file final_5.txt (compact mmCIF, C-alpha atoms)
# COMPACT_ATOMS: atom_id res chain seq x y z
CA MET A 610 -24.30 -43.98 -16.02
CA ASP A 611 -23.11 -41.39 -18.57
CA LYS A 612 -25.73 -38.93 -17.28
CA ILE A 613 -24.41 -39.34 -13.74
CA LYS A 614 -20.81 -38.71 -14.90
CA LYS A 615 -21.89 -35.61 -16.85
CA THR A 616 -23.85 -34.33 -13.85
CA ASN A 617 -20.85 -34.90 -11.56
CA MET A 618 -18.57 -33.10 -14.04
CA ASN A 619 -20.98 -30.16 -14.21
CA ILE A 620 -21.15 -30.00 -10.40
CA LYS A 621 -17.34 -29.97 -10.26
CA LYS A 622 -17.14 -27.19 -12.87
CA ILE A 623 -19.75 -25.11 -11.02
CA THR A 624 -17.97 -25.68 -7.70
CA ILE A 625 -14.61 -24.62 -9.17
CA ALA A 626 -16.17 -21.53 -10.75
CA MET A 627 -17.77 -20.59 -7.41
CA LEU A 628 -14.46 -21.07 -5.58
CA ILE A 629 -12.62 -18.90 -8.09
CA THR A 630 -15.29 -16.21 -7.70
CA LEU A 631 -15.08 -16.32 -3.90
CA ILE A 632 -11.28 -16.18 -3.96
CA SER A 633 -11.30 -13.20 -6.33
CA ILE A 634 -13.84 -11.36 -4.14
CA GLY A 635 -11.57 -12.02 -1.17
CA ASN A 636 -8.61 -10.56 -3.08
CA ILE A 637 -10.59 -7.44 -3.94
CA ASN A 638 -11.47 -6.99 -0.27
CA ALA A 639 -7.83 -7.53 0.73
CA GLN A 640 -6.72 -4.90 -1.78
CA GLU A 641 -9.33 -2.46 -0.48
CA MET A 642 -8.10 -3.05 3.07
CA LYS A 643 -4.54 -2.14 2.02
CA THR A 644 -5.73 1.39 1.24
CA GLU A 645 -6.57 1.98 4.89
CA ILE A 646 -3.99 4.16 6.57
CA PRO A 647 -2.22 2.13 9.25
CA LYS A 648 -1.37 3.67 12.61
CA ILE A 649 2.41 3.87 12.36
CA SER A 650 3.10 6.52 14.99
CA GLU A 651 1.49 8.27 17.93
CA PHE A 652 1.00 11.44 15.87
CA PRO A 653 -2.21 12.17 13.97
CA THR A 654 -2.31 11.31 10.27
CA GLY A 655 -4.44 14.29 9.33
CA ASN A 656 -6.19 14.75 6.02
CA GLU A 657 -5.20 13.71 2.54
CA ASN A 658 -2.65 16.23 1.29
CA THR A 659 -4.67 17.43 -1.71
CA GLY A 660 -3.21 20.95 -1.60
CA PHE A 661 0.22 19.62 -2.59
CA GLU A 662 -0.72 16.39 -4.38
CA GLN A 663 0.75 17.63 -7.67
CA TYR A 664 4.19 17.50 -6.00
CA PHE A 665 3.87 13.89 -4.79
CA SER A 666 4.02 10.58 -6.68
CA GLY A 667 1.29 8.87 -4.70
CA LYS A 668 -0.88 9.79 -1.77
CA SER A 669 0.23 11.61 1.34
CA TRP A 670 -1.51 12.98 4.43
CA LEU A 671 -0.77 16.14 6.39
CA ALA A 672 -1.49 16.90 10.06
CA PRO A 673 -0.55 20.29 11.54
CA LEU A 674 0.99 19.76 14.99
CA THR A 675 1.45 23.38 16.09
CA SER A 676 -0.89 26.34 15.84
CA ASN A 677 0.46 29.03 18.18
CA LYS A 678 1.62 31.79 15.80
CA ASP A 679 3.52 33.50 18.64
CA LEU A 680 5.88 30.52 18.85
CA ASN A 681 6.51 30.68 15.09
CA VAL A 682 7.52 27.01 14.71
CA PRO A 683 5.35 25.32 12.08
CA MET A 684 5.44 21.52 12.49
CA PHE A 685 3.51 18.92 10.51
CA ASN A 686 3.22 15.16 10.56
CA VAL A 687 3.48 13.96 6.96
CA THR A 688 2.46 10.38 6.13
CA PHE A 689 3.33 8.71 2.82
CA GLU A 690 1.77 5.56 1.39
CA PRO A 691 4.27 2.93 0.17
CA ASN A 692 6.22 4.08 -2.90
CA CYS A 693 5.11 7.71 -2.46
CA ARG A 694 7.72 10.45 -2.51
CA ASN A 695 7.70 14.16 -3.07
CA ASN A 696 9.36 16.02 -5.94
CA TRP A 697 12.83 17.43 -5.73
CA HIS A 698 12.51 20.71 -3.86
CA THR A 699 14.28 23.33 -1.75
CA HIS A 700 13.48 25.47 1.29
CA THR A 701 15.11 28.90 1.53
CA GLY A 702 15.07 28.64 5.33
CA GLY A 703 15.94 24.94 5.64
CA GLN A 704 13.96 22.09 7.14
CA ILE A 705 14.24 19.44 9.84
CA LEU A 706 12.69 15.98 9.43
CA ILE A 707 12.11 13.60 12.35
CA ALA A 708 11.16 10.07 11.28
CA VAL A 709 8.36 8.75 13.51
CA GLY A 710 6.97 5.65 11.76
CA GLY A 711 7.62 3.11 9.04
CA VAL A 712 10.56 3.17 6.65
CA GLY A 713 11.45 6.08 4.40
CA TYR A 714 14.22 7.68 2.38
CA TYR A 715 15.85 11.09 2.12
CA GLN A 716 18.17 12.14 -0.67
CA GLU A 717 20.09 15.29 -1.52
CA ARG A 718 20.81 15.89 -5.20
CA GLY A 719 24.12 14.30 -6.17
CA LYS A 720 24.40 12.19 -3.01
CA SER A 721 23.36 8.68 -1.99
CA ALA A 722 19.94 8.27 -0.41
CA ARG A 723 19.65 7.78 3.32
CA ARG A 724 17.27 5.16 4.75
CA LEU A 725 15.11 6.62 7.54
CA LEU A 726 13.73 4.74 10.54
CA PRO A 727 11.78 6.07 13.55
CA GLY A 728 14.02 8.33 15.62
CA ASP A 729 16.24 9.45 12.73
CA VAL A 730 16.67 13.21 12.34
CA VAL A 731 17.59 14.95 9.08
CA GLU A 732 18.84 18.54 9.13
CA ILE A 733 18.45 20.12 5.70
CA ALA A 734 20.40 23.31 5.09
CA PRO A 735 18.76 26.20 3.23
CA ASN A 736 18.47 25.85 -0.55
CA VAL A 737 19.59 22.20 -0.69
CA GLU A 738 17.75 20.26 -3.42
CA HIS A 739 16.28 17.09 -1.93
CA TRP A 740 13.34 14.69 -1.78
CA HIS A 741 11.88 12.37 0.87
CA GLY A 742 9.25 9.66 0.98
CA ALA A 743 8.28 6.10 1.80
CA SER A 744 10.04 2.88 0.90
CA PRO A 745 8.38 0.71 -1.76
CA ASP A 746 6.99 -1.72 0.83
CA SER A 747 6.30 0.42 3.90
CA TRP A 748 4.22 3.38 4.96
CA PHE A 749 6.36 6.25 6.28
CA SER A 750 5.67 9.18 8.56
CA HIS A 751 7.89 12.09 9.57
CA ILE A 752 7.52 15.36 11.40
CA ALA A 753 8.53 18.28 9.18
CA VAL A 754 9.77 21.39 10.97
CA GLU A 755 9.83 24.56 8.92
CA CYS A 756 12.96 26.51 9.85
CA ASN A 757 13.08 30.31 9.65
CA PRO A 758 9.36 30.43 8.74
CA GLN A 759 9.23 34.22 8.43
CA THR A 760 11.41 33.99 5.28
CA ASN A 761 11.25 30.32 4.30
CA LYS A 762 9.95 29.73 0.79
CA ASN A 763 9.51 26.30 -0.77
CA THR A 764 10.45 25.80 -4.43
CA TRP A 765 9.07 22.65 -6.06
CA LEU A 766 11.16 21.13 -8.83
CA GLU A 767 10.72 18.10 -11.11
CA PRO A 768 9.41 14.73 -9.93
CA VAL A 769 11.86 12.10 -8.74
CA SER A 770 11.94 9.66 -11.65
CA ASP A 771 11.17 5.98 -11.14
CA GLU A 772 14.78 5.28 -12.12
CA GLU A 773 16.17 7.70 -9.48
CA TYR A 774 13.81 6.30 -6.84
CA GLY A 775 14.62 2.70 -7.72
CA LYS A 776 18.36 3.36 -7.48
CA ALA A 777 17.94 5.20 -4.17
CA VAL A 778 15.97 2.42 -2.48
CA ASN A 779 17.98 -0.45 -3.95
CA ASP A 780 21.40 0.94 -3.02
CA LYS A 781 20.69 0.21 0.66
call {"tool": "encode", "arguments": {"input": "final_5.txt", "output": "structure tokens"}}
result
Amino acid sequence: MDKIKKTNMNIKKITIAMLITLISIGNINAQEMKTEIPKISEFPTGNENTGFEQYFSGKSWLAPLTSNKDLNVPMFNVTFEPNCRNNWHTHTGGQILIAVGGVGYYQERGKSARRLLPGDVVEIAPNVEHWHGASPDSWFSHIAVECNPQTNKNTWLEPVSDEEYGKAVNDK
């Protein structure tokens, strides 16, 4: 009888161990699936933004939307993973942002952050220090329009600290 009880206990232990293993494998797969870029707008996501990754806290993707140099209106769809934002920066010629997917934030230095939803437009005057990016729990995509491209220069500044970001997204 004792052998049967020990065998049953061993079977239970093995079964529990197998269930824990299966559950943890499922969690790994779920985490891997979260890294897939969701379709959050009708605009292309483009390629990972490796050329500017040193100015972003997280991953972003960049898709050029215009290519006709005669029109002289550079436009890009920029997609941010959750929690990703760019550094503080300025544009000598200004910038226009058009939110097209997810939830994001825009903040000018010294002002409260603005929550961005699809359809929101942000007009950024020349030389205004600002940052923009995704909310902590949502992907975010916006169209960036480079104003006055013949003279517009971008100056990257320091990263937005976790404290600044946390205050910006929690004040809403």
call {"tool": "axis_aligned_box", "arguments": {"input": "final_5.txt", "around": "region 661-664 of chain A", "padding_each_side": "4 Å", "output": "AutoDock Vina command-line options"}}
result
--center_x 1.7 --center_y 18.0 --center_z -5.1 --size_x 12.9 --size_y 11.2 --size_z 13.1
call {"tool": "closest_residue", "arguments": {"input": "final_5.txt", "among": "A:Ile649, A:Leu671, A:Cys693, A:Val682", "to": "Ser770 (chain A)", "atoms": "all atoms listed in the file"}}
result
A:Cys693
call {"tool": "atom_distance", "arguments": {"input": "final_5.txt", "atom1": "CA of Pro745 (chain A)", "atom2": "CA of Phe685 (chain A)"}}
result
22.5 Å
call {"tool": "closest_residue", "arguments": {"input": "final_5.txt", "among": "A:Ser669, A:Asn696, A:Ser721, A:Ser650", "to": "Asp771 (chain A)", "atoms": "only C-alpha atoms"}}
result
A:Asn696
call {"tool": "closest_residue", "arguments": {"input": "final_5.txt", "among": "A:Asn692, A:Thr699, A:Ser676, A:Thr654", "to": "Trp748 (chain A)", "atoms": "all atoms listed in the file"}}
result
A:Asn692
call {"tool": "atom_distance", "arguments": {"input": "final_5.txt", "atom1": "CA of His700 (chain A)", "atom2": "CA of Lys648 (chain A)"}}
result
28.7 Å
call {"tool": "residues_around", "arguments": {"input": "final_5.txt", "residues": "Gly775 (chain A)", "least_positions_apart": "6", "cutoff": "12 Å", "atoms": "only C-alpha atoms", "output": "PyMOL selection string"}}
result
chain A and resi 692-694+714+722+743-745+769+781
call {"tool": "atom_distance", "arguments": {"input": "final_5.txt", "atom1": "CA of Lys762 (chain A)", "atom2": "CA of Ser666 (chain A)"}}
result
21.4 Å
call {"tool": "residues_around", "arguments": {"input": "final_5.txt", "residues": "Ile646 (chain A)", "least_positions_apart": "2", "cutoff": "12 Å", "atoms": "all atoms listed in the file", "output": "ChimeraX atom specification"}}
result
/A:641-644,648-650,653-657,668-670,688-691,711,747-750
call {"tool": "residues_around", "arguments": {"input": "final_5.txt", "residues": "Tyr664 (chain A)", "least_positions_apart": "5", "cutoff": "8 Å", "atoms": "all atoms listed in the file", "output": "VMD selection string"}}
result
chain A and resid 695 to 696 765 768
call {"tool": "closest_atom_pairs", "arguments": {"input": "final_5.txt", "of": "region 628-720 of chain A", "to": "region 724-729 of chain A", "cutoff": "12 Å", "atoms": "all atoms listed in the file", "output": "CSV"}}
result
residue,atom,partner,partner_atom,distance
A:Ile649,CA,A:Pro727,CA,9.7
A:Ser650,CA,A:Pro727,CA,8.8
A:Glu651,CA,A:Pro727,CA,11.4
A:Ile705,CA,A:Asp729,CA,10.6
A:Leu706,CA,A:Asp729,CA,8.1
A:Ile707,CA,A:Asp729,CA,5.9
A:Ala708,CA,A:Pro727,CA,4.6
A:Val709,CA,A:Pro727,CA,4.3
A:Gly710,CA,A:Pro727,CA,5.1
A:Gly711,CA,A:Leu726,CA,6.5
A:Val712,CA,A:Leu726,CA,5.3
A:Gly713,CA,A:Leu725,CA,4.9
A:Tyr714,CA,A:Arg724,CA,4.6
A:Tyr715,CA,A:Arg724,CA,6.6
A:Gln716,CA,A:Arg724,CA,8.9
call {"tool": "write_last_selection", "arguments": {"input": "final_5.txt", "atoms": "C-alpha atoms", "output": "CSV table (one decimal), in the frame of the given file"}}
result
chain,number,residue,atom,x,y,z
A,649,ILE,CA,2.4,3.9,12.4
A,650,SER,CA,3.1,6.5,15.0
A,651,GLU,CA,1.5,8.3,17.9
A,705,ILE,CA,14.2,19.4,9.8
A,706,LEU,CA,12.7,16.0,9.4
A,707,ILE,CA,12.1,13.6,12.4
A,708,ALA,CA,11.2,10.1,11.3
A,709,VAL,CA,8.4,8.8,13.5
A,710,GLY,CA,7.0,5.6,11.8
A,711,GLY,CA,7.6,3.1,9.0
A,712,VAL,CA,10.6,3.2,6.6
A,713,GLY,CA,11.4,6.1,4.4
A,714,TYR,CA,14.2,7.7,2.4
A,715,TYR,CA,15.8,11.1,2.1
A,716,GLN,CA,18.2,12.1,-0.7
call {"tool": "closest_residue", "arguments": {"input": "final_5.txt", "among": "A:Ala753, A:Tyr774, A:Gly719, A:Gln704", "to": "Ala734 (chain A)", "atoms": "only C-alpha atoms"}}
result
A:Gln704
call {"tool": "closest_residue", "arguments": {"input": "final_5.txt", "among": "A:Val730, A:Ala672, A:Val737, A:Val687", "to": "Thr764 (chain A)", "atoms": "only C-alpha atoms"}}
result
A:Val737
call {"tool": "build_atoms", "arguments": {"input": "final_5.txt", "residues": "region 703-723 of chain A", "atoms": "N, CA, C and O atoms", "output": "PDB file, in the frame of the given file"}}
result
ATOM      1  N   GLY A 703      15.567  26.260   5.137  1.00  0.00           N
ATOM      2  CA  GLY A 703      15.940  24.940   5.640  1.00  0.00           C
ATOM      3  C   GLY A 703      14.751  24.183   6.190  1.00  0.00           C
ATOM      4  O   GLY A 703      13.616  24.682   6.229  1.00  0.00           O
ATOM      5  N   GLN A 704      15.010  22.966   6.624  1.00  0.00           N
ATOM      6  CA  GLN A 704      13.960  22.090   7.140  1.00  0.00           C
ATOM      7  C   GLN A 704      14.594  21.027   8.030  1.00  0.00           C
ATOM      8  O   GLN A 704      15.742  20.641   7.816  1.00  0.00           O
ATOM      9  N   ILE A 705      13.835  20.570   9.003  1.00  0.00           N
ATOM     10  CA  ILE A 705      14.240  19.440   9.840  1.00  0.00           C
ATOM     11  C   ILE A 705      13.169  18.375   9.705  1.00  0.00           C
ATOM     12  O   ILE A 705      11.974  18.669   9.777  1.00  0.00           O
ATOM     13  N   LEU A 706      13.593  17.122   9.487  1.00  0.00           N
ATOM     14  CA  LEU A 706      12.690  15.980   9.430  1.00  0.00           C
ATOM     15  C   LEU A 706      13.001  15.058  10.600  1.00  0.00           C
ATOM     16  O   LEU A 706      14.171  14.772  10.865  1.00  0.00           O
ATOM     17  N   ILE A 707      11.957  14.571  11.264  1.00  0.00           N
ATOM     18  CA  ILE A 707      12.110  13.600  12.350  1.00  0.00           C
ATOM     19  C   ILE A 707      11.251  12.398  11.985  1.00  0.00           C
ATOM     20  O   ILE A 707      10.017  12.493  11.959  1.00  0.00           O
ATOM     21  N   ALA A 708      11.898  11.282  11.657  1.00  0.00           N
ATOM     22  CA  ALA A 708      11.160  10.070  11.280  1.00  0.00           C
ATOM     23  C   ALA A 708      10.445   9.516  12.506  1.00  0.00           C
ATOM     24  O   ALA A 708      11.055   9.370  13.568  1.00  0.00           O
ATOM     25  N   VAL A 709       9.139   9.233  12.359  1.00  0.00           N
ATOM     26  CA  VAL A 709       8.360   8.750  13.510  1.00  0.00           C
ATOM     27  C   VAL A 709       7.646   7.423  13.263  1.00  0.00           C
ATOM     28  O   VAL A 709       7.110   6.832  14.199  1.00  0.00           O
ATOM     29  N   GLY A 710       7.635   6.922  12.022  1.00  0.00           N
ATOM     30  CA  GLY A 710       6.970   5.650  11.760  1.00  0.00           C
ATOM     31  C   GLY A 710       7.299   5.098  10.400  1.00  0.00           C
ATOM     32  O   GLY A 710       7.523   5.837   9.450  1.00  0.00           O
ATOM     33  N   GLY A 711       7.371   3.773  10.316  1.00  0.00           N
ATOM     34  CA  GLY A 711       7.620   3.110   9.040  1.00  0.00           C
ATOM     35  C   GLY A 711       9.056   3.245   8.583  1.00  0.00           C
ATOM     36  O   GLY A 711       9.966   3.503   9.371  1.00  0.00           O
ATOM     37  N   VAL A 712       9.238   3.091   7.264  1.00  0.00           N
ATOM     38  CA  VAL A 712      10.560   3.170   6.650  1.00  0.00           C
ATOM     39  C   VAL A 712      10.489   4.156   5.493  1.00  0.00           C
ATOM     40  O   VAL A 712       9.603   4.069   4.646  1.00  0.00           O
ATOM     41  N   GLY A 713      11.431   5.086   5.460  1.00  0.00           N
ATOM     42  CA  GLY A 713      11.450   6.080   4.400  1.00  0.00           C
ATOM     43  C   GLY A 713      12.850   6.335   3.885  1.00  0.00           C
ATOM     44  O   GLY A 713      13.815   5.678   4.303  1.00  0.00           O
ATOM     45  N   TYR A 714      12.944   7.299   2.976  1.00  0.00           N
ATOM     46  CA  TYR A 714      14.220   7.680   2.380  1.00  0.00           C
ATOM     47  C   TYR A 714      14.302   9.189   2.259  1.00  0.00           C
ATOM     48  O   TYR A 714      13.298   9.875   2.079  1.00  0.00           O
ATOM     49  N   TYR A 715      15.535   9.687   2.351  1.00  0.00           N
ATOM     50  CA  TYR A 715      15.850  11.090   2.120  1.00  0.00           C
ATOM     51  C   TYR A 715      17.060  11.127   1.210  1.00  0.00           C
ATOM     52  O   TYR A 715      18.004  10.355   1.380  1.00  0.00           O
ATOM     53  N   GLN A 716      17.025  12.018   0.216  1.00  0.00           N
ATOM     54  CA  GLN A 716      18.170  12.140  -0.670  1.00  0.00           C
ATOM     55  C   GLN A 716      18.398  13.581  -1.074  1.00  0.00           C
ATOM     56  O   GLN A 716      17.461  14.290  -1.438  1.00  0.00           O
ATOM     57  N   GLU A 717      19.664  14.002  -0.990  1.00  0.00           N
ATOM     58  CA  GLU A 717      20.090  15.290  -1.520  1.00  0.00           C
ATOM     59  C   GLU A 717      20.595  15.059  -2.941  1.00  0.00           C
ATOM     60  O   GLU A 717      21.191  14.019  -3.232  1.00  0.00           O
ATOM     61  N   ARG A 718      20.373  16.010  -3.800  1.00  0.00           N
ATOM     62  CA  ARG A 718      20.810  15.890  -5.200  1.00  0.00           C
ATOM     63  C   ARG A 718      22.324  15.648  -5.229  1.00  0.00           C
ATOM     64  O   ARG A 718      23.085  16.326  -4.567  1.00  0.00           O
ATOM     65  N   GLY A 719      22.708  14.611  -6.001  1.00  0.00           N
ATOM     66  CA  GLY A 719      24.120  14.300  -6.170  1.00  0.00           C
ATOM     67  C   GLY A 719      24.719  13.428  -5.078  1.00  0.00           C
ATOM     68  O   GLY A 719      25.903  13.103  -5.116  1.00  0.00           O
ATOM     69  N   LYS A 720      23.917  13.038  -4.095  1.00  0.00           N
ATOM     70  CA  LYS A 720      24.400  12.190  -3.010  1.00  0.00           C
ATOM     71  C   LYS A 720      23.586  10.906  -2.936  1.00  0.00           C
ATOM     72  O   LYS A 720      22.502  10.817  -3.499  1.00  0.00           O
ATOM     73  N   SER A 721      24.103   9.926  -2.208  1.00  0.00           N
ATOM     74  CA  SER A 721      23.360   8.680  -1.990  1.00  0.00           C
ATOM     75  C   SER A 721      22.173   8.944  -1.078  1.00  0.00           C
ATOM     76  O   SER A 721      22.220   9.829  -0.214  1.00  0.00           O
ATOM     77  N   ALA A 722      21.127   8.156  -1.261  1.00  0.00           N
ATOM     78  CA  ALA A 722      19.940   8.270  -0.410  1.00  0.00           C
ATOM     79  C   ALA A 722      20.251   7.730   0.979  1.00  0.00           C
ATOM     80  O   ALA A 722      21.123   6.873   1.158  1.00  0.00           O
ATOM     81  N   ARG A 723      19.526   8.221   1.938  1.00  0.00           N
ATOM     82  CA  ARG A 723      19.650   7.780   3.320  1.00  0.00           C
ATOM     83  C   ARG A 723      18.352   7.101   3.729  1.00  0.00           C
ATOM     84  O   ARG A 723      17.265   7.675   3.566  1.00  0.00           O
TER      85      ARG A 723
END
